[in-house]
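Everything below concerns the one structure shown next.
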Amino acid sequence: MSYDALEQSLADGRPVRFYEFSQAGRVWRYTSANRDIDHELTHWTNIQISDDGFRQTGETSADDAKITVPPDLEVLLQYRLYPPSQRIWLTVYDMHYGDTQMVAVWTGSIVNVNRRRLDAQITCRSIAQDLDTTGLRLTWSPNCVYSIYDHNCKLRPADFRVTATIGALDRVAIAALELATKPDGWFSGGFISWTASDGLQEQRGIDIHQGDTVILRGGTERLAVGQVVQAHAGCLLTKAACIEKGNYDNYGGAPGMPDTSPFDGNPVF
(Lines give C-alpha, C1' and ligand atoms only; values in the text may rest on other atoms or scores of the structure.)
Protein backbone atom coordinates (compact mmCIF):
# COMPACT_ATOMS: atom_id res chain seq x y z
CA MET A 1 0.00 0.00 0.00
CA SER A 2 1.07 3.60 -0.53
CA TYR A 3 1.93 5.94 2.35
CA ASP A 4 -1.28 7.95 1.82
CA ALA A 5 -3.41 4.80 1.84
CA LEU A 6 -1.83 3.59 5.08
CA GLU A 7 -2.14 7.06 6.60
CA GLN A 8 -5.87 7.20 5.85
CA SER A 9 -6.67 3.62 6.79
CA LEU A 10 -8.53 2.78 10.00
CA ALA A 11 -6.45 -0.18 11.14
CA ASP A 12 -3.61 -0.88 8.68
CA GLY A 13 -1.30 2.00 9.64
CA ARG A 14 1.79 1.36 11.78
CA PRO A 15 3.34 4.84 11.98
CA VAL A 16 7.02 5.25 12.81
CA ARG A 17 8.84 8.57 13.07
CA PHE A 18 12.49 9.23 12.15
CA TYR A 19 14.71 12.12 13.29
CA GLU A 20 17.82 13.07 11.32
CA PHE A 21 20.20 15.59 12.90
CA SER A 22 23.00 16.91 10.69
CA GLN A 23 25.90 19.32 11.09
CA ALA A 24 28.54 20.08 8.46
CA GLY A 25 28.64 16.57 7.04
CA ARG A 26 28.03 14.71 10.31
CA VAL A 27 24.69 12.93 10.69
CA TRP A 28 22.87 11.35 13.66
CA ARG A 29 19.79 9.26 12.86
CA TYR A 30 17.22 8.08 15.40
CA THR A 31 13.80 6.44 15.30
CA SER A 32 10.87 6.21 17.69
CA ALA A 33 10.30 2.56 16.71
CA ASN A 34 10.86 -0.19 19.28
CA ARG A 35 13.86 -1.52 17.34
CA ASP A 36 16.62 -0.29 15.05
CA ILE A 37 15.54 0.08 11.42
CA ASP A 38 17.55 -0.15 8.22
CA HIS A 39 15.93 1.65 5.31
CA GLU A 40 17.55 2.12 1.89
CA LEU A 41 21.07 1.45 3.21
CA THR A 42 20.55 3.91 6.09
CA HIS A 43 20.59 2.80 9.73
CA TRP A 44 18.26 4.44 12.24
CA THR A 45 18.92 3.84 15.95
CA ASN A 46 16.04 3.20 18.31
CA ILE A 47 15.96 5.58 21.31
CA GLN A 48 13.30 7.08 23.55
CA ILE A 49 12.47 10.11 21.42
CA SER A 50 9.22 11.98 20.91
CA ASP A 51 7.89 15.39 19.92
CA ASP A 52 4.93 17.60 20.77
CA GLY A 53 3.74 17.88 17.18
CA PHE A 54 4.38 20.35 14.39
CA ARG A 55 2.24 23.47 14.00
CA GLN A 56 1.90 26.39 11.58
CA THR A 57 0.16 29.17 13.51
CA GLY A 58 2.29 32.02 12.18
CA GLU A 59 3.77 32.75 15.63
CA THR A 60 7.43 31.78 15.99
CA SER A 61 7.34 30.73 19.64
CA ALA A 62 4.12 28.75 19.21
CA ASP A 63 5.44 26.94 16.13
CA ASP A 64 8.69 25.82 17.78
CA ALA A 65 8.89 22.02 18.01
CA LYS A 66 9.90 20.37 21.30
CA ILE A 67 11.82 17.11 20.93
CA THR A 68 12.22 15.01 24.09
CA VAL A 69 15.37 12.83 24.11
CA PRO A 70 17.61 10.96 26.58
CA PRO A 71 19.96 13.32 28.48
CA ASP A 72 23.08 11.52 27.19
CA LEU A 73 22.20 11.83 23.50
CA GLU A 74 25.35 12.35 21.42
CA VAL A 75 23.93 15.43 19.69
CA LEU A 76 23.63 17.18 23.08
CA LEU A 77 27.39 17.00 23.61
CA GLN A 78 27.64 19.94 21.20
CA TYR A 79 25.67 22.06 23.70
CA ARG A 80 27.53 21.35 26.93
CA LEU A 81 28.33 24.99 27.68
CA TYR A 82 27.31 27.00 24.62
CA PRO A 83 25.86 26.42 21.14
CA PRO A 84 28.26 25.13 18.46
CA SER A 85 29.61 27.51 15.83
CA GLN A 86 27.82 25.64 13.06
CA ARG A 87 24.07 25.11 13.16
CA ILE A 88 22.61 21.64 13.71
CA TRP A 89 19.69 20.86 11.40
CA LEU A 90 16.81 18.47 12.01
CA THR A 91 14.68 16.73 9.39
CA VAL A 92 11.74 14.62 10.54
CA TYR A 93 10.39 11.74 8.42
CA ASP A 94 7.29 9.58 8.75
CA MET A 95 6.86 6.03 7.51
CA HIS A 96 4.63 3.05 8.24
CA TYR A 97 6.46 -0.01 9.50
CA GLY A 98 6.73 -2.63 6.77
CA ASP A 99 6.27 -0.03 4.01
CA THR A 100 9.07 1.46 1.91
CA GLN A 101 7.90 5.04 1.38
CA MET A 102 9.42 7.58 3.77
CA VAL A 103 8.00 11.13 3.75
CA ALA A 104 9.74 14.28 5.06
CA VAL A 105 7.24 16.13 7.26
CA TRP A 106 9.32 18.87 8.93
CA THR A 107 12.68 20.66 8.59
CA GLY A 108 14.30 23.10 10.95
CA SER A 109 17.25 23.63 13.27
CA ILE A 110 18.07 23.49 16.97
CA VAL A 111 17.71 26.81 18.81
CA ASN A 112 17.86 25.67 22.45
CA VAL A 113 18.63 22.67 24.65
CA ASN A 114 17.13 22.27 28.11
CA ARG A 115 18.57 19.47 30.23
CA ARG A 116 16.20 18.09 32.84
CA ARG A 117 16.54 15.48 35.59
CA LEU A 118 15.50 12.44 33.56
CA ASP A 119 15.60 13.69 29.98
CA ALA A 120 16.41 16.67 27.79
CA GLN A 121 14.20 18.87 25.65
CA ILE A 122 15.47 20.18 22.32
CA THR A 123 13.70 23.24 20.92
CA CYS A 124 13.77 23.40 17.13
CA ARG A 125 12.63 26.19 14.83
CA SER A 126 11.17 25.55 11.41
CA ILE A 127 13.12 26.71 8.38
CA ALA A 128 9.95 28.51 7.29
CA GLN A 129 10.14 30.66 10.43
CA ASP A 130 13.74 31.64 9.57
CA LEU A 131 12.66 32.75 6.12
CA ASP A 132 9.73 34.69 7.55
CA THR A 133 11.78 36.89 9.90
CA THR A 134 12.06 40.61 9.21
CA GLY A 135 15.42 41.62 7.81
CA LEU A 136 17.55 44.35 9.34
CA ARG A 137 17.38 47.83 7.85
CA LEU A 138 20.42 50.04 7.36
CA THR A 139 20.44 53.19 9.47
CA TRP A 140 22.13 56.55 9.18
CA SER A 141 25.02 56.83 11.61
CA PRO A 142 28.39 58.64 11.79
CA ASN A 143 29.97 55.26 12.53
CA CYS A 144 29.97 52.36 10.08
CA VAL A 145 26.80 50.24 10.11
CA TYR A 146 28.39 47.20 8.46
CA SER A 147 29.97 44.19 10.14
CA ILE A 148 33.62 43.66 9.42
CA TYR A 149 34.21 41.06 6.67
CA ASP A 150 30.57 41.06 5.49
CA HIS A 151 29.58 41.55 1.85
CA ASN A 152 29.29 45.32 2.32
CA CYS A 153 32.57 45.78 4.14
CA LYS A 154 34.38 43.58 1.59
CA LEU A 155 37.50 43.09 3.72
CA ARG A 156 38.92 39.59 3.57
CA PRO A 157 39.60 37.82 6.90
CA ALA A 158 42.80 36.29 5.50
CA ASP A 159 44.30 39.79 5.08
CA PHE A 160 43.92 40.58 8.78
CA ARG A 161 44.77 37.22 10.30
CA VAL A 162 47.49 36.28 12.76
CA THR A 163 48.42 32.68 13.48
CA ALA A 164 48.94 32.20 17.20
CA THR A 165 49.82 29.34 19.54
CA ILE A 166 48.02 29.38 22.88
CA GLY A 167 50.51 29.75 25.70
CA ALA A 168 48.04 29.99 28.56
CA LEU A 169 44.31 30.12 29.13
CA ASP A 170 41.65 30.27 31.78
CA ARG A 171 37.90 29.94 31.46
CA VAL A 172 37.40 33.25 29.66
CA ALA A 173 40.67 34.28 27.98
CA ILE A 174 43.66 32.96 26.07
CA ALA A 175 47.20 34.32 25.89
CA ALA A 176 49.62 33.98 22.96
CA LEU A 177 52.83 35.88 22.20
CA GLU A 178 51.75 36.49 18.61
CA LEU A 179 48.79 38.56 19.78
CA ALA A 180 51.16 41.14 21.26
CA THR A 181 52.51 41.93 17.78
CA LYS A 182 49.44 44.09 17.23
CA PRO A 183 48.45 47.19 19.24
CA ASP A 184 45.92 46.89 22.05
CA GLY A 185 42.37 46.67 20.74
CA TRP A 186 43.41 45.43 17.29
CA PHE A 187 41.54 42.14 17.75
CA SER A 188 38.62 43.58 19.79
CA GLY A 189 35.40 42.80 17.95
CA GLY A 190 37.14 40.20 15.80
CA PHE A 191 37.25 36.45 16.27
CA ILE A 192 39.48 33.42 16.55
CA SER A 193 38.98 30.24 14.53
CA TRP A 194 40.46 26.76 14.65
CA THR A 195 39.86 23.19 13.56
CA ALA A 196 38.42 21.14 16.42
CA SER A 197 39.34 17.51 17.11
CA ASP A 198 36.18 16.36 15.33
CA GLY A 199 37.28 18.17 12.15
CA LEU A 200 34.72 21.00 12.36
CA GLN A 201 35.63 24.66 12.15
CA GLU A 202 34.97 26.45 15.45
CA GLN A 203 34.89 30.18 16.14
CA ARG A 204 34.81 32.45 19.18
CA GLY A 205 34.19 36.17 19.15
CA ILE A 206 36.83 38.40 20.76
CA ASP A 207 35.55 40.88 23.32
CA ILE A 208 38.72 42.64 24.51
CA HIS A 209 42.32 42.52 23.29
CA GLN A 210 45.12 43.78 25.50
CA GLY A 211 48.77 42.85 25.05
CA ASP A 212 49.11 39.12 24.44
CA THR A 213 45.66 38.32 25.84
CA VAL A 214 42.16 38.26 24.36
CA ILE A 215 38.93 37.74 26.27
CA LEU A 216 36.60 35.48 24.33
CA ARG A 217 32.83 35.51 24.02
CA GLY A 218 31.77 32.01 24.96
CA GLY A 219 34.81 31.01 26.99
CA THR A 220 37.69 28.68 26.19
CA GLU A 221 35.90 25.32 26.06
CA ARG A 222 37.51 22.99 23.46
CA LEU A 223 40.71 25.07 23.49
CA ALA A 224 44.01 23.91 25.01
CA VAL A 225 47.53 25.16 25.69
CA GLY A 226 49.69 24.57 22.63
CA GLN A 227 46.76 24.71 20.22
CA VAL A 228 47.16 26.79 17.06
CA VAL A 229 44.40 29.30 16.32
CA GLN A 230 43.80 32.04 13.78
CA ALA A 231 43.08 35.48 15.28
CA HIS A 232 41.26 37.97 13.05
CA ALA A 233 41.20 41.72 13.58
CA GLY A 234 38.11 43.55 14.72
CA CYS A 235 37.03 47.08 13.89
CA LEU A 236 35.99 50.15 15.88
CA LEU A 237 33.56 51.04 13.06
CA THR A 238 34.94 54.57 12.89
CA LYS A 239 36.18 56.56 9.90
CA ALA A 240 39.74 56.48 11.25
CA ALA A 241 39.66 52.70 11.71
CA CYS A 242 38.38 52.20 8.17
CA ILE A 243 41.08 54.44 6.73
CA GLU A 244 43.69 52.57 8.75
CA LYS A 245 42.60 49.32 7.12
CA GLY A 246 42.61 50.93 3.67
CA ASN A 247 38.90 50.35 3.16
CA TYR A 248 37.32 53.80 3.29
CA ASP A 249 35.72 53.35 -0.16
CA ASN A 250 33.41 50.83 1.49
CA TYR A 251 32.76 52.81 4.67
CA GLY A 252 29.13 52.40 5.76
CA GLY A 253 28.81 55.46 7.97
CA ALA A 254 27.96 59.10 7.32
CA PRO A 255 30.68 61.06 9.16
CA GLY A 256 29.21 64.38 7.96
CA MET A 257 26.00 63.96 9.93
CA PRO A 258 25.24 66.82 12.37
CA ASP A 259 25.64 65.95 16.03
CA THR A 260 22.19 67.28 16.94
CA SER A 261 19.08 65.09 17.17
CA PRO A 262 16.05 65.90 14.98
CA PHE A 263 13.92 64.84 17.92
CA ASP A 264 15.29 67.27 20.54
CA GLY A 265 12.40 69.71 20.06
CA ASN A 266 14.20 72.14 17.77
CA PRO A 267 12.71 72.27 14.24
CA VAL A 268 15.02 71.12 11.48
CA PHE A 269 13.49 73.51 8.91
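Every chain in the C-alpha coordinates has a letter given in the order shown (A, B, ...), and although residue numbers restart at 1 in each chain, ligands are simply numbered from 1 in the order shown.
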
Find the residues around A:Asn34 up to 12 Å (only C-alpha atoms counted), leave out those fewer than 2 positions away in its own chain, and share them as a VMD selection string. chain A and resid 14 to 18 30 to 32 36 to 37 44 to 49 97

Close residues, stretch 169-182 of chain A itself excluded, 10 Å, only C-alpha atoms, min 4 positions apart in chain, as JSON, numbers by chain: {"A": [162, 163, 164, 165, 186, 187, 206, 207, 208, 209, 210, 211, 212, 213, 214, 215, 216, 217, 218, 219, 220, 221, 223, 224, 225, 226, 228, 229, 231, 233]}

When you count only C-alpha atoms, which of these residues is closest to A:Asp259: A:Gln230, A:Pro142, A:Ala158, A:Asp150? A:Pro142

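Candidate residues A:Ser50, A:Asn266, A:Asn250, A:Thr139 were compared for distance to A:Leu155, and the nearest is A:Asn250, using only C-alpha atoms.
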